>>> print(open('entry_36.cif').read())   # mmCIF, C-alpha atoms
data_upload
#
loop_
_atom_site.label_atom_id
_atom_site.label_comp_id
_atom_site.auth_asym_id
_atom_site.auth_seq_id
_atom_site.Cartn_x
_atom_site.Cartn_y
_atom_site.Cartn_z
CA MET A 1 53.86 -15.79 -14.32
CA ASN A 2 51.66 -18.84 -13.70
CA THR A 3 48.63 -18.04 -15.87
CA ASN A 4 46.69 -21.12 -14.81
CA ALA A 5 47.11 -20.26 -11.13
CA THR A 6 45.98 -16.70 -11.79
CA LEU A 7 42.84 -17.90 -13.62
CA ALA A 8 42.04 -20.31 -10.80
CA ALA A 9 42.28 -17.52 -8.24
CA HIS A 10 40.35 -15.06 -10.42
CA PRO A 11 38.08 -17.02 -12.79
CA PRO A 12 36.60 -15.09 -15.71
CA ALA A 13 33.11 -13.69 -15.21
CA ALA A 14 31.63 -16.26 -17.62
CA ALA A 15 32.84 -19.07 -15.33
CA ILE A 16 31.02 -17.69 -12.25
CA ARG A 17 27.53 -19.12 -12.32
CA PRO A 18 24.75 -17.62 -10.23
CA PRO A 19 22.87 -19.96 -7.91
CA ALA A 20 19.97 -21.87 -9.44
CA PRO A 21 16.73 -19.91 -9.05
CA GLU A 22 14.26 -21.04 -6.41
CA LEU A 23 10.91 -21.86 -7.97
CA LEU A 24 7.83 -20.22 -6.48
CA PRO A 25 4.28 -21.58 -6.47
CA SER A 26 2.07 -20.28 -9.24
CA ILE A 27 -0.71 -17.83 -8.40
CA ASP A 28 -3.32 -20.55 -8.85
CA ALA A 29 -1.35 -23.03 -6.73
CA LEU A 30 -1.06 -20.63 -3.81
CA ALA A 31 -4.73 -19.64 -4.11
CA ALA A 32 -5.66 -23.34 -3.99
CA GLU A 33 -3.45 -23.84 -0.94
CA LEU A 34 -4.87 -20.76 0.83
CA PRO A 35 -8.28 -20.23 -0.77
CA LEU A 36 -10.64 -17.32 -0.27
CA SER A 37 -14.08 -18.69 0.51
CA PRO A 38 -17.09 -17.48 -1.53
CA ALA A 39 -18.40 -15.65 1.54
CA LEU A 40 -15.13 -13.79 2.06
CA ALA A 41 -14.85 -13.05 -1.67
CA ALA A 42 -18.31 -11.47 -1.51
CA GLN A 43 -17.21 -9.45 1.53
CA VAL A 44 -14.15 -8.15 -0.33
CA ALA A 45 -16.40 -7.13 -3.24
CA THR A 46 -18.67 -5.26 -0.83
CA HIS A 47 -15.72 -3.46 0.75
CA ARG A 48 -14.35 -2.49 -2.66
CA GLN A 49 -17.70 -1.00 -3.62
CA ALA A 50 -17.82 0.93 -0.34
CA VAL A 51 -14.38 2.41 -1.12
CA ARG A 52 -15.54 3.30 -4.65
CA ASN A 53 -18.64 4.99 -3.30
CA ILE A 54 -16.61 7.18 -0.95
CA LEU A 55 -14.07 8.14 -3.60
CA ALA A 56 -16.91 8.97 -6.03
CA GLY A 57 -18.67 11.15 -3.46
CA ARG A 58 -21.70 8.87 -3.18
CA ASP A 59 -20.93 8.00 0.45
CA PRO A 60 -20.18 10.92 2.83
CA ARG A 61 -17.89 8.92 5.09
CA LEU A 62 -14.13 9.44 5.23
CA LEU A 63 -11.94 6.62 3.94
CA VAL A 64 -9.12 5.98 6.41
CA VAL A 65 -6.28 3.63 5.44
CA VAL A 66 -4.48 3.07 8.72
CA GLY A 67 -1.99 0.62 10.13
CA PRO A 68 1.70 -0.23 10.44
CA CYS A 69 4.23 1.26 8.05
CA SER A 70 5.14 -2.37 7.32
CA ILE A 71 4.22 -5.78 8.66
CA HIS A 72 7.03 -7.79 10.20
CA ASP A 73 5.28 -9.66 13.04
CA VAL A 74 2.13 -11.59 12.17
CA ASP A 75 0.97 -11.84 15.79
CA ALA A 76 1.27 -8.09 16.30
CA ALA A 77 -0.52 -7.48 13.01
CA MET A 78 -3.46 -9.62 14.11
CA ASP A 79 -3.49 -7.88 17.49
CA TYR A 80 -3.73 -4.54 15.69
CA ALA A 81 -6.41 -5.86 13.32
CA ARG A 82 -8.64 -7.02 16.18
CA ARG A 83 -8.42 -3.60 17.84
CA LEU A 84 -9.14 -1.83 14.56
CA ARG A 85 -12.11 -4.11 13.88
CA ALA A 86 -13.61 -3.25 17.27
CA LEU A 87 -13.09 0.46 16.60
CA SER A 88 -14.64 0.11 13.16
CA ASP A 89 -17.79 -1.29 14.75
CA GLN A 90 -18.10 1.92 16.76
CA LEU A 91 -17.08 4.50 14.15
CA GLY A 92 -18.27 2.86 10.94
CA ASP A 93 -21.08 5.36 10.32
CA LYS A 94 -18.51 8.16 9.86
CA LEU A 95 -15.26 6.39 8.91
CA LEU A 96 -14.50 3.44 6.65
CA LEU A 97 -11.42 1.97 8.33
CA VAL A 98 -9.16 -0.05 6.03
CA MET A 99 -6.07 -1.71 7.49
CA ARG A 100 -2.65 -1.11 5.98
CA VAL A 101 -1.09 -4.53 5.47
CA TYR A 102 2.11 -3.50 3.70
CA VAL A 103 4.29 -6.50 2.92
CA GLU A 104 6.63 -4.86 0.38
CA LYS A 105 8.79 -1.84 1.17
CA PRO A 106 10.41 0.29 -1.53
CA ARG A 107 14.01 1.22 -0.77
CA THR A 108 15.95 4.24 -1.97
CA THR A 109 19.15 2.20 -1.70
CA VAL A 110 19.12 -1.04 0.32
CA GLY A 111 17.49 -2.43 3.43
CA TRP A 112 14.84 -4.90 4.58
CA LYS A 113 12.34 -5.09 1.72
CA GLY A 114 9.38 -6.47 3.61
CA LEU A 115 7.59 -9.62 4.71
CA LEU A 116 7.28 -10.94 1.16
CA TYR A 117 11.03 -10.87 0.65
CA ASP A 118 12.48 -11.81 4.03
CA PRO A 119 9.81 -13.05 6.45
CA ALA A 120 12.37 -14.36 8.96
CA LEU A 121 14.07 -10.90 9.13
CA ASP A 122 17.46 -12.60 8.92
CA GLY A 123 18.54 -12.29 5.31
CA SER A 124 17.41 -15.82 4.40
CA HIS A 125 15.04 -14.40 1.75
CA ASP A 126 12.55 -17.28 1.83
CA MET A 127 10.17 -15.61 -0.60
CA ALA A 128 7.96 -18.67 -0.98
CA LEU A 129 7.35 -18.52 2.77
CA GLY A 130 6.85 -14.76 2.46
CA LEU A 131 4.09 -15.24 -0.10
CA ARG A 132 2.35 -17.85 2.04
CA THR A 133 2.70 -15.79 5.21
CA ALA A 134 1.38 -12.63 3.59
CA ARG A 135 -1.58 -14.32 1.93
CA ARG A 136 -2.54 -16.20 5.10
CA LEU A 137 -2.29 -13.01 7.17
CA MET A 138 -4.41 -10.96 4.76
CA ARG A 139 -7.01 -13.73 4.61
CA ASP A 140 -7.17 -13.86 8.41
CA ILE A 141 -7.65 -10.10 8.60
CA VAL A 142 -10.37 -10.21 5.95
CA ALA A 143 -12.04 -12.98 8.01
CA LEU A 144 -12.25 -10.52 10.91
CA GLY A 145 -14.42 -8.32 8.70
CA LEU A 146 -11.81 -5.67 7.90
CA PRO A 147 -10.95 -4.35 4.44
CA VAL A 148 -7.26 -4.76 3.57
CA ALA A 149 -4.94 -2.34 1.75
CA THR A 150 -1.37 -2.64 0.55
CA GLU A 151 1.19 -1.01 -1.73
CA LEU A 152 1.79 -3.04 -4.87
CA LEU A 153 5.49 -2.77 -5.53
CA HIS A 154 6.44 -5.74 -7.71
CA PRO A 155 3.86 -6.50 -10.42
CA MET A 156 4.63 -10.23 -10.27
CA ALA A 157 3.65 -10.32 -6.60
CA ALA A 158 0.32 -8.54 -7.13
CA GLY A 159 -1.46 -11.57 -8.53
CA TYR A 160 -0.85 -13.58 -5.35
CA LEU A 161 -2.69 -11.03 -3.18
CA GLU A 162 -5.07 -8.96 -5.30
CA ASP A 163 -8.22 -11.00 -4.56
CA LEU A 164 -7.83 -10.11 -0.87
CA LEU A 165 -7.46 -6.35 -1.35
CA SER A 166 -10.08 -3.62 -1.11
CA TRP A 167 -7.67 -0.79 -1.96
CA ALA A 168 -4.09 -0.54 -3.18
CA ALA A 169 -1.45 2.14 -3.63
CA VAL A 170 1.27 2.71 -6.16
CA GLY A 171 4.15 4.50 -4.47
CA ALA A 172 5.91 7.73 -5.35
CA ARG A 173 8.92 5.88 -6.78
CA THR A 174 6.83 3.73 -9.14
CA THR A 175 3.89 5.94 -10.16
CA GLU A 176 5.80 6.99 -13.28
CA SER A 177 6.47 3.36 -14.25
CA GLN A 178 4.63 2.15 -17.35
CA ILE A 179 4.70 -1.39 -15.94
CA HIS A 180 2.82 -0.32 -12.80
CA ARG A 181 0.27 1.62 -14.81
CA GLU A 182 -0.37 -1.49 -16.90
CA MET A 183 -0.69 -3.55 -13.71
CA VAL A 184 -3.29 -1.19 -12.23
CA SER A 185 -5.24 -1.18 -15.50
CA GLY A 186 -5.95 -4.87 -14.93
CA LEU A 187 -7.01 -4.67 -11.27
CA SER A 188 -10.67 -4.72 -10.25
CA LEU A 189 -10.16 -2.63 -7.12
CA PRO A 190 -9.67 1.07 -6.34
CA CYS A 191 -6.06 2.22 -6.50
CA GLY A 192 -4.31 5.42 -5.45
CA PHE A 193 -1.31 6.85 -7.28
CA LYS A 194 1.02 8.87 -5.08
CA ASN A 195 2.54 12.11 -6.29
CA GLY A 196 6.20 11.98 -7.27
CA THR A 197 9.02 12.27 -4.74
CA ASP A 198 9.52 15.88 -5.88
CA GLY A 199 5.96 16.65 -4.76
CA GLY A 200 4.62 17.16 -8.28
CA THR A 201 1.26 15.66 -9.22
CA THR A 202 1.69 15.43 -12.99
CA VAL A 203 3.13 11.91 -13.01
CA ALA A 204 0.30 10.60 -10.81
CA ILE A 205 -2.40 12.26 -12.92
CA ASP A 206 -0.78 10.88 -16.07
CA ALA A 207 -0.77 7.46 -14.39
CA MET A 208 -4.49 7.72 -13.66
CA GLY A 209 -5.20 8.42 -17.31
CA ALA A 210 -2.97 5.59 -18.49
CA ALA A 211 -4.42 3.05 -16.03
CA ALA A 212 -7.97 3.90 -17.09
CA ARG A 213 -7.25 2.49 -20.54
CA GLY A 214 -6.85 -1.10 -21.65
CA HIS A 215 -3.39 -2.49 -22.37
CA HIS A 216 -1.65 -5.48 -23.92
CA HIS A 217 1.53 -6.11 -21.97
CA PHE A 218 4.08 -8.70 -20.92
CA GLY A 219 3.34 -10.62 -17.74
CA VAL A 220 2.89 -14.00 -16.09
CA ASP A 221 -0.41 -15.87 -16.13
CA ARG A 222 -1.96 -17.57 -13.11
CA HIS A 223 -0.12 -20.80 -13.94
CA GLY A 224 3.28 -19.08 -13.89
CA ARG A 225 3.78 -18.98 -17.65
CA PRO A 226 5.09 -15.94 -19.57
CA ALA A 227 2.10 -14.43 -21.32
CA VAL A 228 0.63 -11.43 -23.09
CA LEU A 229 -1.79 -9.98 -20.55
CA VAL A 230 -4.80 -7.99 -21.72
CA SER A 231 -6.41 -5.46 -19.38
CA GLU A 232 -9.65 -3.53 -19.75
CA GLY A 233 -8.66 -0.43 -17.79
CA ASN A 234 -9.36 0.68 -14.24
CA ALA A 235 -11.64 3.68 -13.77
CA ASP A 236 -11.31 3.60 -9.97
CA THR A 237 -8.04 5.44 -9.48
CA HIS A 238 -7.32 8.62 -7.57
CA LEU A 239 -4.54 10.94 -6.42
CA VAL A 240 -2.66 10.48 -3.15
CA LEU A 241 -0.83 13.54 -1.83
CA ARG A 242 2.19 12.61 0.29
CA GLY A 243 4.33 15.75 0.01
CA GLY A 244 7.76 15.84 -1.58
CA ARG A 245 11.22 17.32 -1.47
CA SER A 246 9.69 20.79 -1.62
CA GLY A 247 7.65 20.12 1.53
CA PRO A 248 4.08 19.17 2.48
CA ASN A 249 1.22 19.43 0.00
CA TYR A 250 -1.92 19.15 2.13
CA HIS A 251 -2.39 22.90 2.60
CA ALA A 252 -5.10 24.84 0.79
CA ASP A 253 -2.90 26.22 -2.01
CA ALA A 254 -1.50 22.79 -2.84
CA LEU A 255 -4.95 21.22 -2.77
CA ASP A 256 -6.29 23.94 -5.08
CA ALA A 257 -3.47 23.27 -7.53
CA ALA A 258 -4.06 19.52 -7.40
CA SER A 259 -7.81 19.91 -7.88
CA ASN A 260 -7.31 22.18 -10.87
CA ALA A 261 -4.87 19.74 -12.44
CA LEU A 262 -7.28 16.84 -11.93
CA ALA A 263 -10.15 18.82 -13.46
CA ASN A 264 -8.05 19.83 -16.47
CA ALA A 265 -7.11 16.18 -17.03
CA GLY A 266 -10.71 15.02 -16.75
CA VAL A 267 -9.99 12.39 -14.09
CA SER A 268 -11.40 11.69 -10.64
CA PRO A 269 -11.34 14.73 -8.33
CA ALA A 270 -11.01 12.57 -5.21
CA LEU A 271 -8.06 13.38 -2.98
CA MET A 272 -6.36 11.27 -0.35
CA VAL A 273 -3.86 12.92 1.98
CA ASP A 274 -1.07 10.71 3.28
CA CYS A 275 -0.52 12.18 6.73
CA SER A 276 2.96 10.66 6.92
CA HIS A 277 6.07 10.89 4.72
CA ALA A 278 6.90 14.42 3.56
CA ASN A 279 3.54 15.76 4.76
CA SER A 280 4.60 15.03 8.33
CA GLN A 281 8.22 15.98 7.55
CA LYS A 282 9.18 12.48 8.72
CA ASP A 283 7.92 13.19 12.25
CA HIS A 284 5.25 10.60 13.05
CA ARG A 285 3.71 12.84 15.72
CA ARG A 286 2.93 15.48 13.11
CA GLN A 287 0.45 13.13 11.49
CA ILE A 288 -1.97 14.32 14.15
CA GLU A 289 -1.83 17.96 13.06
CA VAL A 290 -1.97 16.99 9.39
CA LEU A 291 -5.20 15.05 9.91
CA LYS A 292 -6.72 17.86 11.97
CA ASP A 293 -5.89 20.34 9.19
CA VAL A 294 -7.46 18.05 6.57
CA LEU A 295 -10.61 17.64 8.66
CA ALA A 296 -10.89 21.41 9.11
CA GLN A 297 -10.64 21.92 5.35
CA ARG A 298 -13.26 19.26 4.75
CA ARG A 299 -15.64 20.88 7.24
CA ALA A 300 -15.03 24.19 5.47
CA GLY A 301 -16.42 22.69 2.27
CA ARG A 302 -13.56 20.94 0.48
CA HIS A 303 -15.59 17.83 -0.27
CA THR A 304 -13.03 16.30 -2.63
CA LEU A 305 -10.96 15.46 0.46
CA ARG A 306 -12.36 11.97 0.74
CA ALA A 307 -9.56 9.86 2.19
CA VAL A 308 -6.53 9.90 4.47
CA MET A 309 -3.68 7.54 5.29
CA ILE A 310 -2.08 7.18 8.72
CA GLU A 311 0.92 5.12 9.83
CA SER A 312 0.03 3.57 13.17
CA HIS A 313 1.12 0.54 15.19
CA LEU A 314 0.54 -0.92 18.63
CA GLU A 315 3.41 1.07 20.13
CA GLU A 316 4.84 4.43 19.12
CA GLY A 317 8.08 4.96 17.22
CA ALA A 318 10.40 2.65 15.32
CA GLN A 319 13.19 0.19 16.05
CA PRO A 320 16.09 -1.37 14.12
CA LEU A 321 16.14 -5.03 13.25
CA CYS A 322 17.97 -6.72 16.11
CA GLU A 323 17.89 -9.76 18.36
CA THR A 324 15.79 -8.09 21.07
CA MET A 325 12.79 -6.74 19.16
CA ARG A 326 10.06 -4.85 21.00
CA TYR A 327 6.52 -6.10 20.39
CA GLY A 328 4.29 -3.90 18.25
CA VAL A 329 6.98 -1.39 17.20
CA SER A 330 7.64 -0.63 13.52
CA VAL A 331 10.92 -1.71 11.93
CA THR A 332 10.60 0.82 9.10
CA ASP A 333 9.08 4.31 9.46
CA ALA A 334 8.07 5.48 12.93
CA CYS A 335 4.35 5.17 13.68
CA LEU A 336 1.81 6.57 16.08
CA GLY A 337 0.97 4.20 18.94
CA TRP A 338 -2.46 2.62 19.29
CA GLN A 339 -3.61 4.88 22.12
CA ASP A 340 -2.98 8.06 20.12
CA SER A 341 -4.38 6.47 16.97
CA GLU A 342 -7.63 5.46 18.63
CA GLN A 343 -8.09 8.89 20.16
CA LEU A 344 -7.35 10.59 16.84
CA LEU A 345 -9.87 8.46 14.96
CA ARG A 346 -12.54 8.98 17.59
CA GLU A 347 -12.03 12.74 17.36
CA ALA A 348 -12.18 12.57 13.58
CA ALA A 349 -15.48 10.69 13.67
CA ALA A 350 -16.93 13.17 16.15
CA GLN A 351 -15.98 16.10 13.90
CA LEU A 352 -17.57 14.46 10.88
#
>>> encode(input="entry_36.cif", output="structure tokens")
Amino acid sequence: MNTNATLAAHPPAAAIRPPAPELLPSIDALAAELPLSPALAAQVATHRQAVRNILAGRDPRLLVVVGPCSIHDVDAAMDYARRLRALSDQLGDKLLLVMRVYVEKPRTTVGWKGLLYDPALDGSHDMALGLRTARRLMRDIVALGLPVATELLHPMAAGYLEDLLSWAAVGARTTESQIHREMVSGLSLPCGFKNGTDGGTTVAIDAMGAAARGHHHFGVDRHGRPAVLVSEGNADTHLVLRGGRSGPNYHADALDAASNALANAGVSPALMVDCSHANSQKDHRRQIEVLKDVLAQRRAGRHTLRAVMIESHLEEGAQPLCETMRYGVSVTDACLGWQDSEQLLREAAAQL
């Protein structure tokens, strides 16, 4: 047996070196490259306070986080944002419309992980470009006068975008994560914790309590250096109901149970219903009936129902990543089209 030949064909694991890591800009460097003007920073602060006021019950409007399941086409995203801004001008006395600008997508196994990770949609994983593209897009949407929302999936990415956000979510897969609770504790914006994938609310309510407190934790500072981060706690968190493996949880019995659990924990009673995911049983058209049910319960006196989330794009449905992509169609979860979305929001405003 030729041992040397065998080793050459199958080198030991220690001899296989991973590729050199690609360096990313620091948070401060990217913010300097794509700065938020003082006027826009003041606008973001105003939008954050408006969201807080609704969640606290001081503002009777309904908070509506609406937009594509994920952003993959910047031009289509800006097209959607302009339409939503025009609609906000008309419905703003009843609805606070906040655009979903989701640039990270959690995956149960594998798949396209979002604009931050693979902006070219081709597996090139130019994450530096993803950061620049996402920040520029969010800044452009803020410049239109719209509040921006996203799901914060990777804590290291949050610092690049947080100054642009008026609301953020922590997803069902990460609500139980101590690292994400620490991250939220250091954010100066309202955040929603989704119930667990099993439909239970305990992990989200525990997360709210943990995020309300200050923490010392590992992280990266704005210059990109490993650091001990110190947070003061975030009092502006709330529960997001998105259903689970056991089915939807926007019906009266589930809302009663959630409200009782929130009261027993001494945390915010505000409820947001995610009209998609398990609440719609993965049928994007059912978002319409979910919202109508929520509005009926709110009119009947359930005033802790203060927010909803809707997955909506320019065109209805979803499509796979391919060479012939249709404009304005989601590449992740199926969405309502703009025509249905506009009609639904107009009806909601009229009922409120």
>>> residues_around(input="entry_36.cif", residues="Val230 (chain A)", least_positions_apart="4", cutoff="8 Å", atoms="only C-alpha atoms", output="list in words")
Gly186, Gly214, His215, His216 and His217 of chain A
>>> atom_distance(input="entry_36.cif", atom1="CA of Asn234 (chain A)", atom2="CA of Val184 (chain A)")
6.7 Å
>>> atom_distance(input="entry_36.cif", atom1="CA of Gln343 (chain A)", atom2="CA of His72 (chain A)")
24.6 Å
>>> closest_residue(input="entry_36.cif", among="A:Val240, A:Val66, A:Leu24, A:Leu187", to="Leu344 (chain A)", atoms="all atoms listed in the file")
A:Val66
>>> resolve_selection(input="entry_36.cif", expression="the PyMOL selection byres ((chain A and resi 319) around 9)", output="PDB file with C-alpha atoms, keeping the file's coordinate frame")
ATOM      1  CA  GLY A 317       8.080   4.960  17.220  1.00  0.00           C
ATOM      2  CA  ALA A 318      10.400   2.650  15.320  1.00  0.00           C
ATOM      3  CA  PRO A 320      16.090  -1.370  14.120  1.00  0.00           C
ATOM      4  CA  LEU A 321      16.140  -5.030  13.250  1.00  0.00           C
ATOM      5  CA  CYS A 322      17.970  -6.720  16.110  1.00  0.00           C
ATOM      6  CA  MET A 325      12.790  -6.740  19.160  1.00  0.00           C
ATOM      7  CA  ARG A 326      10.060  -4.850  21.000  1.00  0.00           C
ATOM      8  CA  VAL A 329       6.980  -1.390  17.200  1.00  0.00           C
ATOM      9  CA  SER A 330       7.640  -0.630  13.520  1.00  0.00           C
ATOM     10  CA  VAL A 331      10.920  -1.710  11.930  1.00  0.00           C
ATOM     11  CA  THR A 332      10.600   0.820   9.100  1.00  0.00           C
ATOM     12  CA  ASP A 333       9.080   4.310   9.460  1.00  0.00           C
ATOM     13  CA  ALA A 334       8.070   5.480  12.930  1.00  0.00           C
TER      14      ALA A 334
END
>>> resolve_selection(input="entry_36.cif", expression="the PyMOL selection byres ((chain A and resi 106) around 10)", output="PDB file with C-alpha atoms, keeping the file's coordinate frame")
ATOM      1  CA  GLU A 104       6.630  -4.860   0.380  1.00  0.00           C
ATOM      2  CA  LYS A 105       8.790  -1.840   1.170  1.00  0.00           C
ATOM      3  CA  ARG A 107      14.010   1.220  -0.770  1.00  0.00           C
ATOM      4  CA  THR A 108      15.950   4.240  -1.970  1.00  0.00           C
ATOM      5  CA  THR A 109      19.150   2.200  -1.700  1.00  0.00           C
ATOM      6  CA  VAL A 110      19.120  -1.040   0.320  1.00  0.00           C
ATOM      7  CA  GLY A 111      17.490  -2.430   3.430  1.00  0.00           C
ATOM      8  CA  TRP A 112      14.840  -4.900   4.580  1.00  0.00           C
ATOM      9  CA  LYS A 113      12.340  -5.090   1.720  1.00  0.00           C
ATOM     10  CA  GLY A 114       9.380  -6.470   3.610  1.00  0.00           C
ATOM     11  CA  GLU A 151       1.190  -1.010  -1.730  1.00  0.00           C
ATOM     12  CA  LEU A 152       1.790  -3.040  -4.870  1.00  0.00           C
ATOM     13  CA  LEU A 153       5.490  -2.770  -5.530  1.00  0.00           C
ATOM     14  CA  HIS A 154       6.440  -5.740  -7.710  1.00  0.00           C
ATOM     15  CA  GLY A 171       4.150   4.500  -4.470  1.00  0.00           C
ATOM     16  CA  ALA A 172       5.910   7.730  -5.350  1.00  0.00           C
ATOM     17  CA  ARG A 173       8.920   5.880  -6.780  1.00  0.00           C
ATOM     18  CA  THR A 174       6.830   3.730  -9.140  1.00  0.00           C
TER      19      THR A 174
END
